[in-house]
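Structure, as structure tokens:
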Amino acid sequence: MKKICSFLIIEDHPLISNSYLDALQSVQSDDENVNFEKIGIAKNCDEAIVFIKAARKSKGIDIIFLDIQIPSSSDGKILSGEDLGVIIRETLPKSKIIISTMYNDNYRIYNIMNTVNPLGFLVKNDLNPPILVEVIKNVMRSHPYYSPTVLLSIRRQYPNRELLDDVDRRMLFELSRGVKMKDLPSIIPMSLAGLEKRKRRLKEVFNVDQMEDRYLILAAKEKGFI
Amino acid sequence: MLKRKIKLDLDTIVNVINTKLFLAIAICLMIISCKSDLKQGYPIYTVQMDSISTWINNSRDVSLKLNERKDFLNTAYELGLDIKIDSLRRKALLKVAYAAYKLKDSYFFIIVNNKALDECVKAKDTFGIADTHWNYGAFYVDRIVLDSAYFHYHKAYENFLSISHEFYSSKMLYNMAIIQKDIKDYTGSEIHSFQAIQNFEELNKPVNLYLCYNLLGVIFNETEEYDKAIYYHEKAMDYLEDVDDKETYMEGSFNNLGLVYQKLNEYDKSNSYFIKALKSDNLRISNINLYARLLDNLAYTKLLSKDTVDFYPLFYKALKIRDSIGNNFGVSISKFHLSKYYLSKRDTTKAILSALESYRLADEVKNNKVVLRSLKLLAEIDQKNSIQYLERYIGLNDILQNQEKRQRNKFTRIRFETNKYIQETEKLGNEKKIIVATSFVVILITSLLFFIKIQRGKNKELLFDKKQQKANEEIYSLMLRQQIRLEEGKINERNRIAKDLHDGVLGRIFGTRMGLGFLRLGGDENSLKKYRAFVEELQKIETEIRDISHELKTERFSTEFNFVILVEDLLQSQSKIGQFEYILQSDENIEWNSINENVKINCYRILQEAIYNVNKHAKASKLKVCFKLLDSELKLLVKDNGLGFDIRKKRKGIGLKNIKMRAENINAKFVLKSTLTKGTTLELKIPV
């Protein structure tokens, strides 16, 4: 009996979604027992939510391809694929999520790992057709697959994972983007004094005390936090 | 002429002292420098003065002939003219003039005195001028030209007064009083006498006081106020008690008092005074004139008192004495009295004869008083010519009265002019005071205003400085803002490009690559190999694009604004103008954001000024600007390889001053080193 495997592609780029389809076709042709059932292709968060809600009421979705950079929802509540991933985790806990993203920075990778914890985690640059096929095959067997960039990032962060909490990471990330300290409280819900205190501690942790912020950022980058 | 005598004495004393002094100096000098040239220095003049004094003394020798004495004086005069030193020459001339006056050589006197006056006026020697006028006064009194005499005494008086010589000016007052008495201006005479008395009292001059009071006695005798006359004569004699050298003053006073009592018809008293005076020893020798007068007066009083004793010998004796010494003035009086005597003896012929002689002599010596009296007497006794004499008497009396009146007016005018002069001087003095006071006030006000203006200017300057500082800060913050905006624009643009590359281009290349990858292409092995290589190449392009995108984003942080960028901009623009290469070094651990704005502004301005100087003067091809942080001190170094200059020689220009001022503003140490042809180094150490 043929195993029916449903899938949803959340991807705003038609070329890429076509690649997914090609990859699925390739898997199906390799294994005759597998029969893929297309739930749909969502080009933005709004469309994705519609498919997810519908799937919750029916039999659910086996595999969800999730792009991080997709147009946010019209009500502004769901900003990216990351938020969408969290929702999917809650509404469709059984779904196997394959995240593919253009981003390759440590902070995002760490965050996505923390919040969405996908079964497949791909940085698009690492990807090529054979790997994509391999990923699908692994995921179908409930084997996780992380592309090399993701693996490297996780590995680098691992020894220091206890040193920094989410706020620290967020602050470093924002600073690295060029956000000024005085503007931080409007992004991270904390007082400026509290943030300054955290920054001083971070500088001590990274051995750059009494030096400019720039050095802190450089050190954090080196240690794989951003 | 008694006061003349005193002056003479004083002069001789001075002469003696001078002579001795000069001699002493001369001897000293001769001892000190036997070889010294006598043409040089004082000795030659002391010798000259000495010889002049000798010639003058010779001219005074009564035993010599008049011509010889005149010759001596002339020699003295010529010697005096040769003196080169002005003050000494004037002194010599005055001496000669006085000697000439004494000698009664009127022509010579006028020449010398005129010369002396000229020199004194030229030299503005007021004392000398007064002295020459005094000489003139005495000279004209002798000639009985009373108005001229009065005029000169008055001039002398004015000049002595202007140099505050109280004693001599009072003497002049006395001299004027005498002349006034002579022309019967008794009131004027009295006033001048009292003025003189006041001064003499202050100066404590008993002899002069005696003379003044004596004069007053004579005046009041003339005005028939006999009580006063007696009072003043007695007072005069009181002063005489303090005088050692009384001369014949006492006898003169007795004579005067006798005359007063004679007028009062108290003949006994009158007689007793005359006799008292005549009893004095040596009077006959010391003052023969007075002696004769006393004899004459005594005889006349006896005549008036109708004394029975024959006193003709007294008259005769007086007449003989007077005649023998050529005192025609006295003779005329004696003759008049004799005429009266003959009349009393009813010898009309002799009486007329005597009266006529008296008249002739009195007319000769210009003793108008006796002339009138003798004319009157003649009119009474010479019956035949009575009318003729009476007419002449009346005519002469009128003339004399008019003359006296005119002279009095003249004197008043002279006095008035002086008063006017004094008033004007006072007025001028007052005006001067007012001018001085006003100008002082004006100067005070002006300087005050000036001071206020300066203060205001300073305040304005301070205010201006403050404003300028504020403006500077504003400009700086504007520059900052502009810079930030520029940077923001840059960052935004970079972000946009990064985002476009990352999300758009990268996604599409990725999609394309994946699409290509899933294509099932036919063809030979070689083509498929190439196709795979292209796909891989695409993947590499993706990586590259993503790196670029990342770099664009991470650049953000380093391009975050700081002061160094401003400096870099400045250097960039200026290096294009000056065509020099520049190196900008900045310590990475300088926290620009935590450094005071004011420090940064002033640093920037100093740099601006320094770079401007480099462009304008140094003509450098290389410029190094360096910021370093050393122990909480920010060090700014500006070094060029230009022409340089000599710091000591070069006056500080506005640029350097500005730099120094700005350095002081931020408490910075400022060191400037420059070597000619090797360049200039400016070093600034700023505490932060």
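Labels for the structure tokens follow display order: chains A, B, ..., residues from 1 in each chain, ligands from 1.
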Q. Mind listing as number ranges by chain which residues of chain A are within 10 Å of chain B, counting only C-alpha atoms?
A. A: 12-23, 25-26, 69-70, 101-105, 124-130, 132, 175-180, 210-215, 217-218
Using C-alpha atoms, can you export the residues from the last selection as a PDB file, in the first residue's frame?
ATOM      1  CA  ASP A  12       7.189  33.257  -1.713  1.00  0.00           C
ATOM      2  CA  HIS A  13       9.624  32.416  -4.475  1.00  0.00           C
ATOM      3  CA  PRO A  14       8.005  30.338  -7.227  1.00  0.00           C
ATOM      4  CA  LEU A  15      11.394  29.146  -8.518  1.00  0.00           C
ATOM      5  CA  ILE A  16      12.179  27.688  -5.131  1.00  0.00           C
ATOM      6  CA  SER A  17       8.799  26.151  -4.556  1.00  0.00           C
ATOM      7  CA  ASN A  18       9.194  24.530  -7.982  1.00  0.00           C
ATOM      8  CA  SER A  19      12.502  23.122  -6.818  1.00  0.00           C
ATOM      9  CA  TYR A  20      10.745  21.569  -3.810  1.00  0.00           C
ATOM     10  CA  LEU A  21       8.194  20.077  -6.089  1.00  0.00           C
ATOM     11  CA  ASP A  22      10.965  18.744  -8.318  1.00  0.00           C
ATOM     12  CA  ALA A  23      12.698  17.243  -5.303  1.00  0.00           C
ATOM     13  CA  GLN A  25       8.932  14.227  -7.582  1.00  0.00           C
ATOM     14  CA  SER A  26      12.436  12.848  -7.467  1.00  0.00           C
ATOM     15  CA  GLN A  69      11.665  35.329   4.827  1.00  0.00           C
ATOM     16  CA  ILE A  70       8.114  35.549   3.661  1.00  0.00           C
ATOM     17  CA  THR A 101      16.525  30.196   5.048  1.00  0.00           C
ATOM     18  CA  MET A 102      18.903  32.573   3.384  1.00  0.00           C
ATOM     19  CA  TYR A 103      20.160  33.683   6.806  1.00  0.00           C
ATOM     20  CA  ASN A 104      23.285  32.101   8.106  1.00  0.00           C
ATOM     21  CA  ASP A 105      23.935  34.121  11.256  1.00  0.00           C
ATOM     22  CA  LYS A 124      19.788  27.780   1.350  1.00  0.00           C
ATOM     23  CA  ASN A 125      23.373  28.315   0.307  1.00  0.00           C
ATOM     24  CA  ASP A 126      24.264  24.850   1.511  1.00  0.00           C
ATOM     25  CA  LEU A 127      21.542  23.365  -0.590  1.00  0.00           C
ATOM     26  CA  ASN A 128      21.626  21.659  -3.957  1.00  0.00           C
ATOM     27  CA  PRO A 129      19.171  19.187  -5.528  1.00  0.00           C
ATOM     28  CA  PRO A 130      20.751  15.903  -4.246  1.00  0.00           C
ATOM     29  CA  LEU A 132      17.321  18.474  -0.854  1.00  0.00           C
ATOM     30  CA  LEU A 175      23.900  46.252  18.463  1.00  0.00           C
ATOM     31  CA  SER A 176      25.579  44.409  15.645  1.00  0.00           C
ATOM     32  CA  ARG A 177      22.878  45.694  13.339  1.00  0.00           C
ATOM     33  CA  GLY A 178      23.886  49.212  14.272  1.00  0.00           C
ATOM     34  CA  VAL A 179      21.094  49.964  16.666  1.00  0.00           C
ATOM     35  CA  LYS A 180      22.139  52.558  19.247  1.00  0.00           C
ATOM     36  CA  GLN A 210      36.912  49.263  29.006  1.00  0.00           C
ATOM     37  CA  MET A 211      36.794  48.971  25.245  1.00  0.00           C
ATOM     38  CA  GLU A 212      34.349  50.176  22.679  1.00  0.00           C
ATOM     39  CA  ASP A 213      31.174  48.343  21.760  1.00  0.00           C
ATOM     40  CA  ARG A 214      32.672  47.430  18.442  1.00  0.00           C
ATOM     41  CA  TYR A 215      35.071  45.023  20.125  1.00  0.00           C
ATOM     42  CA  ILE A 217      30.389  42.776  18.780  1.00  0.00           C
ATOM     43  CA  LEU A 218      33.491  41.387  17.108  1.00  0.00           C
TER      44      LEU A 218
END
Q.
I'd like the neighbourhood of B:Val331 as a PyMOL selection string, where a residue qualifies if any of its atoms comes within 7 Å (using only C-alpha atoms), though same-chain residues fewer than 6 positions away should be ignored.
A. chain B and resi 319+322-323
Output N, CA and C atoms of each residue in that selection to a file, as a PDB file, in the first residue's frame.
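Generated output (again-v2.pdb):
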ATOM      1  N   LEU B 319      71.307 182.276  55.285  1.00  0.00           N
ATOM      2  CA  LEU B 319      71.466 182.691  53.895  1.00  0.00           C
ATOM      3  C   LEU B 319      72.882 182.423  53.412  1.00  0.00           C
ATOM      4  N   ARG B 322      73.486 178.673  52.913  1.00  0.00           N
ATOM      5  CA  ARG B 322      72.798 178.199  51.719  1.00  0.00           C
ATOM      6  C   ARG B 322      73.494 178.689  50.444  1.00  0.00           C
ATOM      7  N   ASP B 323      73.871 179.949  50.500  1.00  0.00           N
ATOM      8  CA  ASP B 323      74.529 180.539  49.352  1.00  0.00           C
ATOM      9  C   ASP B 323      75.853 179.825  49.071  1.00  0.00           C
TER      10      ASP B 323
END
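Surrounding stretch 398-403 of chain B within 12 Å are Leu146, Asp147, Asp182, Ile183, Lys184, Asp185, Lys366, Asn367, Asn368, Lys369, Val371, Leu372, Glu391, Arg392, Tyr393, Ile394, Gly395, Arg406, Gln407, Arg408, Asn409 and Lys410 of chain B, with only C-alpha atoms counted and residues fewer than 3 positions along the same chain left out.
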Keeping N, CA and C atoms, export the residues of the selection given above as a PDB file, in the first residue's frame.
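Listed below is the output, again.pdb:
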ATOM      1  N   LEU B 146      57.878 165.560  37.319  1.00  0.00           N
ATOM      2  CA  LEU B 146      57.197 164.691  38.271  1.00  0.00           C
ATOM      3  C   LEU B 146      56.317 163.631  37.623  1.00  0.00           C
ATOM      4  N   ASP B 147      55.643 164.019  36.507  1.00  0.00           N
ATOM      5  CA  ASP B 147      54.763 162.994  35.913  1.00  0.00           C
ATOM      6  C   ASP B 147      55.564 161.806  35.386  1.00  0.00           C
ATOM      7  N   ASP B 182      53.912 166.438  46.531  1.00  0.00           N
ATOM      8  CA  ASP B 182      54.498 167.610  45.869  1.00  0.00           C
ATOM      9  C   ASP B 182      53.525 168.290  44.935  1.00  0.00           C
ATOM     10  N   ILE B 183      52.626 167.531  44.305  1.00  0.00           N
ATOM     11  CA  ILE B 183      51.652 168.178  43.406  1.00  0.00           C
ATOM     12  C   ILE B 183      50.313 168.376  44.121  1.00  0.00           C
ATOM     13  N   LYS B 184      50.337 168.294  45.451  1.00  0.00           N
ATOM     14  CA  LYS B 184      49.184 168.583  46.308  1.00  0.00           C
ATOM     15  C   LYS B 184      48.050 167.584  46.138  1.00  0.00           C
ATOM     16  N   ASP B 185      48.381 166.346  45.642  1.00  0.00           N
ATOM     17  CA  ASP B 185      47.365 165.280  45.614  1.00  0.00           C
ATOM     18  C   ASP B 185      47.457 164.586  46.970  1.00  0.00           C
ATOM     19  N   LYS B 366      62.393 176.415  40.208  1.00  0.00           N
ATOM     20  CA  LYS B 366      61.021 175.924  40.068  1.00  0.00           C
ATOM     21  C   LYS B 366      60.365 175.652  41.416  1.00  0.00           C
ATOM     22  N   ASN B 367      60.707 176.461  42.397  1.00  0.00           N
ATOM     23  CA  ASN B 367      60.002 176.343  43.680  1.00  0.00           C
ATOM     24  C   ASN B 367      58.767 177.228  43.611  1.00  0.00           C
ATOM     25  N   ASN B 368      57.717 176.649  43.065  1.00  0.00           N
ATOM     26  CA  ASN B 368      56.518 177.429  42.744  1.00  0.00           C
ATOM     27  C   ASN B 368      55.865 178.055  43.975  1.00  0.00           C
ATOM     28  N   LYS B 369      55.970 177.299  45.065  1.00  0.00           N
ATOM     29  CA  LYS B 369      55.358 177.774  46.311  1.00  0.00           C
ATOM     30  C   LYS B 369      55.944 179.150  46.691  1.00  0.00           C
ATOM     31  N   VAL B 371      57.674 181.082  44.690  1.00  0.00           N
ATOM     32  CA  VAL B 371      57.399 182.031  43.597  1.00  0.00           C
ATOM     33  C   VAL B 371      56.093 182.761  43.868  1.00  0.00           C
ATOM     34  N   LEU B 372      55.061 181.974  44.182  1.00  0.00           N
ATOM     35  CA  LEU B 372      53.736 182.558  44.420  1.00  0.00           C
ATOM     36  C   LEU B 372      53.762 183.495  45.628  1.00  0.00           C
ATOM     37  N   GLU B 391      48.564 190.344  38.810  1.00  0.00           N
ATOM     38  CA  GLU B 391      48.131 189.618  37.591  1.00  0.00           C
ATOM     39  C   GLU B 391      49.007 188.387  37.354  1.00  0.00           C
ATOM     40  N   ARG B 392      50.349 188.658  37.524  1.00  0.00           N
ATOM     41  CA  ARG B 392      51.276 187.549  37.306  1.00  0.00           C
ATOM     42  C   ARG B 392      51.007 186.425  38.321  1.00  0.00           C
ATOM     43  N   TYR B 393      50.745 186.864  39.569  1.00  0.00           N
ATOM     44  CA  TYR B 393      50.449 185.893  40.625  1.00  0.00           C
ATOM     45  C   TYR B 393      49.231 185.053  40.248  1.00  0.00           C
ATOM     46  N   ILE B 394      48.160 185.774  39.879  1.00  0.00           N
ATOM     47  CA  ILE B 394      46.909 185.053  39.561  1.00  0.00           C
ATOM     48  C   ILE B 394      47.123 184.107  38.377  1.00  0.00           C
ATOM     49  N   GLY B 395      47.792 184.704  37.347  1.00  0.00           N
ATOM     50  CA  GLY B 395      48.059 183.886  36.148  1.00  0.00           C
ATOM     51  C   GLY B 395      48.830 182.636  36.497  1.00  0.00           C
ATOM     52  N   ARG B 406      45.924 168.602  36.213  1.00  0.00           N
ATOM     53  CA  ARG B 406      46.223 167.696  35.105  1.00  0.00           C
ATOM     54  C   ARG B 406      47.077 166.516  35.561  1.00  0.00           C
ATOM     55  N   GLN B 407      48.093 166.871  36.348  1.00  0.00           N
ATOM     56  CA  GLN B 407      48.992 165.815  36.819  1.00  0.00           C
ATOM     57  C   GLN B 407      48.245 164.812  37.699  1.00  0.00           C
ATOM     58  N   ARG B 408      47.399 165.374  38.565  1.00  0.00           N
ATOM     59  CA  ARG B 408      46.613 164.476  39.425  1.00  0.00           C
ATOM     60  C   ARG B 408      45.793 163.512  38.569  1.00  0.00           C
ATOM     61  N   ASN B 409      45.167 164.122  37.518  1.00  0.00           N
ATOM     62  CA  ASN B 409      44.372 163.275  36.622  1.00  0.00           C
ATOM     63  C   ASN B 409      45.234 162.192  35.984  1.00  0.00           C
ATOM     64  N   LYS B 410      46.416 162.658  35.561  1.00  0.00           N
ATOM     65  CA  LYS B 410      47.336 161.724  34.915  1.00  0.00           C
ATOM     66  C   LYS B 410      47.664 160.566  35.858  1.00  0.00           C
TER      67      LYS B 410
END
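Of the residues listed (A:Ile98, A:Met171, A:Leu8, A:Leu24), A:Met171 shows the shortest atom-to-atom separation from A:Leu192; distances use only C-alpha atoms.
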(Q) Need to verify the contact set: A:Val34, 6 Å, only C-alpha atoms, exclusion of same-chain residues closer than 5 positions in sequence. Can you return it as a list in words? (A)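 Counting only the stated atoms, we get Lys2, Lys3 and Gln28 of chain A.
The space between atom CA of B:Ala663 and atom CA of B:Val688 spans 13.1 Å.
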Q.
as an MDAnalysis selection string, please: every residue in stretch 16-189 of chain A that a backbone DSSP assignment puts in alpha helix (DSSP H).
A. chainID A and resid 16:30 45:57 81:91 106:115 129:140 148:157 166:176
Q: Could you pull out the residues in stretch 55-87 of chain A that DSSP calls strand (DSSP E) from the backbone, as a list in words?
A: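 So the strand (DSSP E) residues in stretch 55-87 of chain A would be Ile63, Ile64, Phe65, Leu66 and Asp67 of chain A.
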Residues as selected, N, CA and C atoms, written as a PDB file, in the first residue's frame, can you do that?
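Contents of the output file again-v6.pdb:
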ATOM      1  N   ILE A  63       4.535  17.006   6.059  1.00  0.00           N
ATOM      2  CA  ILE A  63       5.780  17.782   5.909  1.00  0.00           C
ATOM      3  C   ILE A  63       5.445  19.231   5.520  1.00  0.00           C
ATOM      4  N   ILE A  64       6.054  20.150   6.250  1.00  0.00           N
ATOM      5  CA  ILE A  64       5.864  21.567   5.902  1.00  0.00           C
ATOM      6  C   ILE A  64       7.226  22.171   5.559  1.00  0.00           C
ATOM      7  N   PHE A  65       7.359  22.663   4.324  1.00  0.00           N
ATOM      8  CA  PHE A  65       8.548  23.436   3.920  1.00  0.00           C
ATOM      9  C   PHE A  65       8.319  24.902   4.341  1.00  0.00           C
ATOM     10  N   LEU A  66       9.211  25.392   5.172  1.00  0.00           N
ATOM     11  CA  LEU A  66       8.963  26.748   5.710  1.00  0.00           C
ATOM     12  C   LEU A  66      10.154  27.677   5.405  1.00  0.00           C
ATOM     13  N   ASP A  67       9.820  28.729   4.699  1.00  0.00           N
ATOM     14  CA  ASP A  67      10.845  29.764   4.442  1.00  0.00           C
ATOM     15  C   ASP A  67      10.745  30.809   5.562  1.00  0.00           C
TER      16      ASP A  67
END
**Q.** Length of the atom CA of B:Phe109 to atom CA of B:Ala97 vector [Å]
**A.**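 Atom-to-atom, atom CA of B:Phe109 and atom CA of B:Ala97 are spaced 5.5 Å apart.
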Using only C-alpha atoms, determine which residues lie at most 7 Å from stretch 46-53 of chain A, disregarding the query and same-chain residues fewer than 6 positions distant; provide the list as a PDB file with C-alpha atoms, in the first residue's frame.
ATOM      1  CA  ILE A  10       5.402  28.101   2.510  1.00  0.00           C
ATOM      2  CA  SER A  73       0.576  38.709   7.821  1.00  0.00           C
ATOM      3  CA  SER A  74      -1.725  41.592   6.966  1.00  0.00           C
TER       4      SER A  74
END
